[in-house]
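Peer 1: File follows, upload34.txt with compact mmCIF, C-alpha atoms:
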```txt
# COMPACT_ATOMS: atom_id res chain seq x y z
CA MET A 1 31.54 -55.43 -51.93
CA LYS A 2 28.75 -53.09 -53.02
CA ASP A 3 31.17 -50.13 -52.69
CA ILE A 4 33.79 -51.76 -54.96
CA GLY A 5 31.24 -52.01 -57.75
CA ARG A 6 30.11 -48.44 -57.21
CA TYR A 7 33.60 -47.02 -57.35
CA SER A 8 34.78 -49.07 -60.33
CA LYS A 9 31.67 -47.83 -62.19
CA LEU A 10 32.60 -44.32 -61.04
CA ALA A 11 36.04 -44.61 -62.65
CA GLU A 12 34.41 -45.70 -65.92
CA PHE A 13 31.89 -42.86 -65.64
CA GLY A 14 34.73 -40.35 -65.09
CA ARG A 15 36.51 -41.48 -68.24
CA GLU A 16 33.30 -41.06 -70.26
CA LEU A 17 32.55 -37.66 -68.71
CA LEU A 18 35.94 -36.35 -69.85
CA ASN A 19 34.65 -36.53 -73.44
CA LYS A 20 31.67 -34.27 -72.71
CA THR A 21 32.25 -30.56 -73.33
CA SER A 22 28.84 -29.02 -72.62
CA LEU A 23 26.09 -29.14 -70.02
CA VAL A 24 23.74 -30.55 -72.67
CA ASP A 25 26.09 -33.51 -73.23
CA GLY A 26 27.29 -34.07 -69.70
CA LEU A 27 24.30 -33.61 -67.42
CA PRO A 28 22.16 -36.45 -68.82
CA HIS A 29 25.22 -38.70 -68.45
CA ILE A 30 25.65 -37.58 -64.82
CA SER A 31 21.96 -38.08 -64.07
CA LYS A 32 21.76 -41.54 -65.61
CA TYR A 33 24.79 -42.72 -63.69
CA ALA A 34 23.71 -41.27 -60.31
CA LYS A 35 20.21 -42.74 -60.59
CA GLU A 36 21.58 -46.13 -61.61
CA VAL A 37 24.14 -46.38 -58.80
CA ILE A 38 21.92 -45.05 -56.01
CA GLY A 39 18.67 -46.58 -57.29
CA ALA A 40 16.73 -43.31 -57.47
CA GLN A 41 14.00 -42.42 -59.96
CA ARG A 42 15.06 -38.84 -60.66
CA CYS A 43 18.10 -36.59 -60.49
CA SER A 44 18.20 -32.80 -60.51
CA ILE A 45 21.23 -30.56 -60.58
CA PHE A 46 20.51 -27.07 -59.28
CA MET A 47 23.00 -24.34 -60.21
CA TYR A 48 23.51 -21.56 -57.67
CA ASP A 49 23.18 -18.00 -58.98
CA GLU A 50 24.51 -15.90 -56.12
CA GLU A 51 23.70 -12.59 -57.86
CA LYS A 52 20.03 -13.47 -58.34
CA GLY A 53 19.78 -15.37 -55.05
CA GLU A 54 18.30 -18.44 -56.69
CA LEU A 55 18.89 -22.08 -57.49
CA TRP A 56 17.83 -23.31 -60.92
CA THR A 57 17.89 -26.68 -62.55
CA THR A 58 20.08 -27.32 -65.50
CA LEU A 59 18.67 -30.81 -65.37
CA ALA A 60 15.44 -32.03 -63.81
CA ASP A 61 14.30 -35.38 -65.17
CA GLY A 62 10.92 -35.19 -66.82
CA VAL A 63 10.12 -31.55 -66.03
CA GLU A 64 10.88 -28.09 -67.29
CA LYS A 65 13.43 -25.82 -65.63
CA ILE A 66 12.80 -25.33 -61.90
CA VAL A 67 13.81 -22.08 -60.18
CA VAL A 68 13.68 -21.61 -56.40
CA PRO A 69 14.92 -18.84 -54.11
CA SER A 70 18.30 -19.90 -52.71
CA ASP A 71 16.95 -19.83 -49.16
CA LYS A 72 13.93 -22.08 -49.88
CA GLY A 73 13.34 -25.79 -50.13
CA ILE A 74 15.54 -28.71 -49.20
CA VAL A 75 18.07 -27.58 -51.84
CA GLY A 76 18.15 -24.08 -50.31
CA HIS A 77 18.66 -25.59 -46.88
CA THR A 78 21.50 -27.73 -48.29
CA LEU A 79 23.09 -24.54 -49.63
CA LYS A 80 22.76 -22.89 -46.21
CA VAL A 81 24.21 -25.75 -44.13
CA LYS A 82 26.77 -26.70 -46.83
CA LYS A 83 26.35 -30.42 -46.25
CA PRO A 84 24.23 -33.31 -47.58
CA ILE A 85 20.68 -33.80 -46.35
CA ILE A 86 18.69 -37.03 -46.30
CA SER A 87 14.94 -36.69 -46.08
CA ASN A 88 13.18 -40.06 -46.24
CA ASP A 89 9.75 -38.50 -45.68
CA VAL A 90 9.87 -35.19 -47.52
CA TYR A 91 6.34 -34.15 -46.59
CA SER A 92 7.34 -34.10 -42.92
CA ASN A 93 10.38 -31.92 -43.72
CA ASN A 94 9.45 -28.26 -43.13
CA HIS A 95 11.89 -27.19 -45.89
CA PHE A 96 10.20 -29.29 -48.59
CA LEU A 97 8.44 -27.28 -51.32
CA ALA A 98 5.28 -29.30 -51.98
CA ASP A 99 4.21 -26.71 -54.58
CA ILE A 100 6.83 -28.06 -56.97
CA ASP A 101 5.19 -31.51 -56.80
CA LYS A 102 1.84 -29.84 -57.50
CA GLU A 103 3.26 -27.90 -60.47
CA THR A 104 5.08 -30.87 -62.02
CA GLY A 105 2.58 -33.60 -61.18
CA TYR A 106 5.42 -35.70 -59.77
CA LYS A 107 5.05 -37.14 -56.25
CA THR A 108 8.27 -36.97 -54.23
CA HIS A 109 8.61 -39.50 -51.40
CA ASN A 110 12.24 -39.18 -50.36
CA SER A 111 15.29 -37.13 -51.26
CA VAL A 112 19.03 -36.86 -50.76
CA THR A 113 20.96 -33.70 -51.60
CA ALA A 114 24.65 -32.83 -51.71
CA PRO A 115 26.38 -29.52 -52.33
CA ILE A 116 28.69 -29.27 -55.33
CA PHE A 117 31.77 -27.25 -54.39
CA ASN A 118 34.20 -25.68 -56.87
CA SER A 119 37.97 -25.81 -56.45
CA GLN A 120 37.81 -22.73 -54.17
CA ARG A 121 35.24 -24.49 -51.92
CA LYS A 122 32.42 -22.18 -53.02
CA ILE A 123 29.12 -23.88 -53.79
CA LEU A 124 28.39 -24.14 -57.52
CA GLY A 125 25.14 -26.01 -57.07
CA ILE A 126 23.20 -28.78 -55.40
CA MET A 127 22.67 -32.32 -56.66
CA GLN A 128 19.39 -33.94 -55.62
CA LEU A 129 18.18 -37.50 -56.07
CA LEU A 130 14.52 -38.39 -55.57
CA ASN A 131 12.50 -41.48 -54.82
CA LYS A 132 14.72 -44.38 -53.94
CA THR A 133 12.67 -47.55 -53.37
CA ASP A 134 14.38 -48.13 -50.04
CA ASP A 135 15.25 -45.17 -47.84
CA PHE A 136 18.36 -43.14 -48.63
CA ASP A 137 21.16 -43.93 -46.18
CA ASN A 138 24.63 -42.78 -45.10
CA ASP A 139 26.29 -44.92 -47.82
CA ASP A 140 24.30 -42.92 -50.38
CA VAL A 141 25.50 -39.68 -48.77
CA LYS A 142 29.15 -40.80 -48.84
CA PHE A 143 28.81 -41.68 -52.49
CA MET A 144 27.06 -38.39 -53.32
CA ILE A 145 29.89 -36.41 -51.69
CA PHE A 146 32.47 -38.32 -53.70
CA PHE A 147 30.41 -38.09 -56.87
CA ALA A 148 29.87 -34.34 -56.43
CA HIS A 149 33.65 -33.90 -56.85
CA TYR A 150 33.41 -35.39 -60.36
CA VAL A 151 30.45 -33.19 -61.17
CA SER A 152 32.27 -30.13 -59.83
CA GLY A 153 35.29 -30.69 -62.05
CA PHE A 154 33.03 -31.14 -65.05
CA LEU A 155 31.04 -27.97 -64.32
CA GLU A 156 34.22 -25.92 -63.90
CA LEU A 157 35.64 -27.28 -67.18
CA VAL A 158 32.39 -26.57 -69.04
CA ASN A 159 32.44 -22.99 -67.73
CA LEU A 160 36.04 -22.69 -68.93
CA TYR A 161 35.11 -24.07 -72.38
CA ALA A 162 32.20 -21.62 -72.62
CA HIS A 163 34.43 -18.71 -71.60
CA GLU A 164 37.07 -19.69 -74.19
CA ASP A 165 34.41 -20.04 -76.92
CA GLU A 166 33.06 -16.60 -76.01
CA LYS A 167 36.54 -15.06 -76.25
CA LYS A 168 37.15 -16.76 -79.60
CA GLN A 169 33.83 -15.50 -81.01
CA LYS A 170 34.66 -11.94 -79.96
CA SER A 171 38.11 -12.11 -81.56
CA ASP A 172 36.63 -13.58 -84.79
CA SER A 173 34.15 -10.74 -85.22
```
Let me see the file written as structure tokens.
Peer 2:
Amino acid sequence: MKDIGRYSKLAEFGRELLNKTSLVDGLPHISKYAKEVIGAQRCSIFMYDEEKGELWTTLADGVEKIVVPSDKGIVGHTLKVKKPIISNDVYSNNHFLADIDKETGYKTHNSVTAPIFNSQRKILGIMQLLNKTDDFDNDDVKFMIFFAHYVSGFLELVNLYAHEDEKKQKSDS
């Protein structure tokens, strides 16, 4: 029964997300929904910059932009293995970057990550949820995979909107 509620909320979320046309509008909506459904305290969406070899947050609740090398941290490991990772004791995970907790003053206890694939199955980014009261579980992973498809479509559309705006500005000048 819990899944029915999750997925009906997801349909409503999807309808609302269709009205968002920028990262600034859409990402807080994505974060709020993901945290609410999963029961996590924070949500970060790391974009993958293949050229620079880094992952950077477009959204990290309560902190400034975070940039990590694409082969570091739990998010970097998620990028490498191309599948979700649950870590219910992050400090025992050898991929965890404790320095980020030190820099932000936020104490991470547990984490779940999921890759965000584009329509060509290339990774656009990594979604990460932090600090669920109970441990993250396989139901959370299944939901994150499903949810990442919504996020992927949104990110691709936003990139298309930005590209179209750029073309229009060039033709207007």
Peer 1: So, counting all atoms listed in the file, which residue among A:Ile116, A:Leu97, A:Ile38, A:Ile86 is closest to A:Leu155?
Peer 2: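 Ranked by minimum distance to A:Leu155, first place goes to A:Ile116.
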Peer 1: Please report the interatomic distance between atom CA of A:Leu130 and atom CA of A:Phe146 in Å with one decimal.
Peer 2: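 Atom CA of A:Leu130 sits 18.0 Å away from atom CA of A:Phe146.
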Peer 1: With distances taken over all atoms listed in the file, which of A:Lys132, A:Thr21, A:Ala98, A:Ile145 is nearest to A:Lys82?
Peer 2: A:Ile145
Peer 1: Mind pulling up the distance from atom CA of A:Cys43 to atom CA of A:Leu129?
Peer 2: 4.5 Å
Peer 1: Counting only C-alpha atoms, what is within 12 Å of A:Gly153, bar same-chain residues fewer than 6 positions away, as an NGL selection string?
Peer 2: :A and (14 or 17-18 or 20-21 or 26 or 116-121 or 124 or 146-147 or 159-160)
Peer 1: Find the residues near A:Gly39: any atom within 9 Å, counting all atoms listed in the file, skip ones fewer than 6 places away on the same chain, and give them as number ranges by chain.
Peer 2: A: 131-134
Peer 1: Using only C-alpha atoms, find the one residue out of A:Leu157, A:Ile85, A:Ile100, A:Leu79 that sits nearest to A:Ile66.
Peer 2: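 Closest to A:Ile66, using only C-alpha atoms: A:Ile100.
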Peer 1: Would you please work out which residue, of A:Ser92, A:Gln41, A:Ser87, A:Asn138, is nearest to A:Thr113 when using all atoms listed in the file?
Peer 2: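 Selected residue with least distance to A:Thr113: A:Ser87.
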Peer 1: Restrict the output to stretch 59-87 of chain A and N, CA and C atoms, then write it as a tab-separated table (two decimals), in the first residue's frame.
Peer 2:
```tsv
chain	number	residue	atom	x	y	z
A	59	LEU	N	22.10	21.55	-6.72
A	59	LEU	CA	21.24	21.69	-5.56
A	59	LEU	C	21.86	20.88	-4.43
A	60	ALA	N	22.11	21.52	-3.32
A	60	ALA	CA	22.57	20.83	-2.11
A	60	ALA	C	21.91	21.58	-0.96
A	61	ASP	N	20.89	20.99	-0.39
A	61	ASP	CA	20.13	21.65	0.66
A	61	ASP	C	21.03	22.24	1.73
A	62	GLY	N	20.88	23.52	1.98
A	62	GLY	CA	21.52	24.16	3.11
A	62	GLY	C	22.99	24.49	2.96
A	63	VAL	N	23.60	24.17	1.82
A	63	VAL	CA	25.03	24.47	1.66
A	63	VAL	C	25.27	25.08	0.29
A	64	GLU	N	26.45	25.67	0.15
A	64	GLU	CA	26.85	26.23	-1.13
A	64	GLU	C	27.16	25.09	-2.10
A	65	LYS	N	27.46	25.46	-3.32
A	65	LYS	CA	27.81	24.49	-4.36
A	65	LYS	C	28.94	23.57	-3.90
A	66	ILE	N	28.78	22.28	-4.17
A	66	ILE	CA	29.80	21.29	-3.83
A	66	ILE	C	30.38	20.76	-5.14
A	67	VAL	N	31.70	20.70	-5.24
A	67	VAL	CA	32.37	20.15	-6.42
A	67	VAL	C	33.31	19.05	-5.95
A	68	VAL	N	33.19	17.87	-6.58
A	68	VAL	CA	34.09	16.76	-6.26
A	68	VAL	C	34.62	16.15	-7.55
A	69	PRO	N	35.86	15.64	-7.53
A	69	PRO	CA	36.35	14.91	-8.70
A	69	PRO	C	35.40	13.74	-8.99
A	70	SER	N	35.20	13.45	-10.27
A	70	SER	CA	34.21	12.44	-10.65
A	70	SER	C	34.59	11.02	-10.24
A	71	ASP	N	35.80	10.83	-9.75
A	71	ASP	CA	36.20	9.50	-9.29
A	71	ASP	C	36.32	9.44	-7.76
A	72	LYS	N	35.75	10.43	-7.07
A	72	LYS	CA	35.85	10.49	-5.60
A	72	LYS	C	34.47	10.46	-4.97
A	73	GLY	N	34.44	10.01	-3.73
A	73	GLY	CA	33.22	10.03	-2.94
A	73	GLY	C	32.23	8.95	-3.35
A	74	ILE	N	31.16	8.87	-2.59
A	74	ILE	CA	30.11	7.90	-2.89
A	74	ILE	C	29.45	8.25	-4.23
A	75	VAL	N	29.31	9.56	-4.53
A	75	VAL	CA	28.71	9.94	-5.81
A	75	VAL	C	29.64	9.55	-6.97
A	76	GLY	N	30.93	9.70	-6.79
A	76	GLY	CA	31.89	9.29	-7.82
A	76	GLY	C	31.87	7.78	-8.02
A	77	HIS	N	31.72	7.05	-6.93
A	77	HIS	CA	31.64	5.59	-7.03
A	77	HIS	C	30.34	5.18	-7.73
A	78	THR	N	29.25	5.91	-7.47
A	78	THR	CA	27.98	5.65	-8.15
A	78	THR	C	28.15	5.87	-9.65
A	79	LEU	N	28.85	6.92	-10.03
A	79	LEU	CA	29.13	7.19	-11.43
A	79	LEU	C	29.91	6.03	-12.06
A	80	LYS	N	30.90	5.54	-11.34
A	80	LYS	CA	31.75	4.46	-11.85
A	80	LYS	C	30.98	3.16	-12.05
A	81	VAL	N	30.18	2.77	-11.05
A	81	VAL	CA	29.48	1.47	-11.12
A	81	VAL	C	28.15	1.58	-11.86
A	82	LYS	N	27.68	2.82	-12.08
A	82	LYS	CA	26.45	3.08	-12.84
A	82	LYS	C	25.21	2.42	-12.24
A	83	LYS	N	25.19	2.35	-10.91
A	83	LYS	CA	24.01	1.81	-10.24
A	83	LYS	C	23.88	2.45	-8.85
A	84	PRO	N	22.69	2.36	-8.26
A	84	PRO	CA	22.46	2.97	-6.94
A	84	PRO	C	23.35	2.34	-5.86
A	85	ILE	N	23.62	3.15	-4.85
A	85	ILE	CA	24.41	2.68	-3.71
A	85	ILE	C	23.71	3.12	-2.42
A	86	ILE	N	23.50	2.15	-1.54
A	86	ILE	CA	23.00	2.44	-0.19
A	86	ILE	C	24.20	2.36	0.75
A	87	SER	N	24.32	3.36	1.60
A	87	SER	CA	25.36	3.34	2.62
A	87	SER	C	24.71	3.80	3.92
```
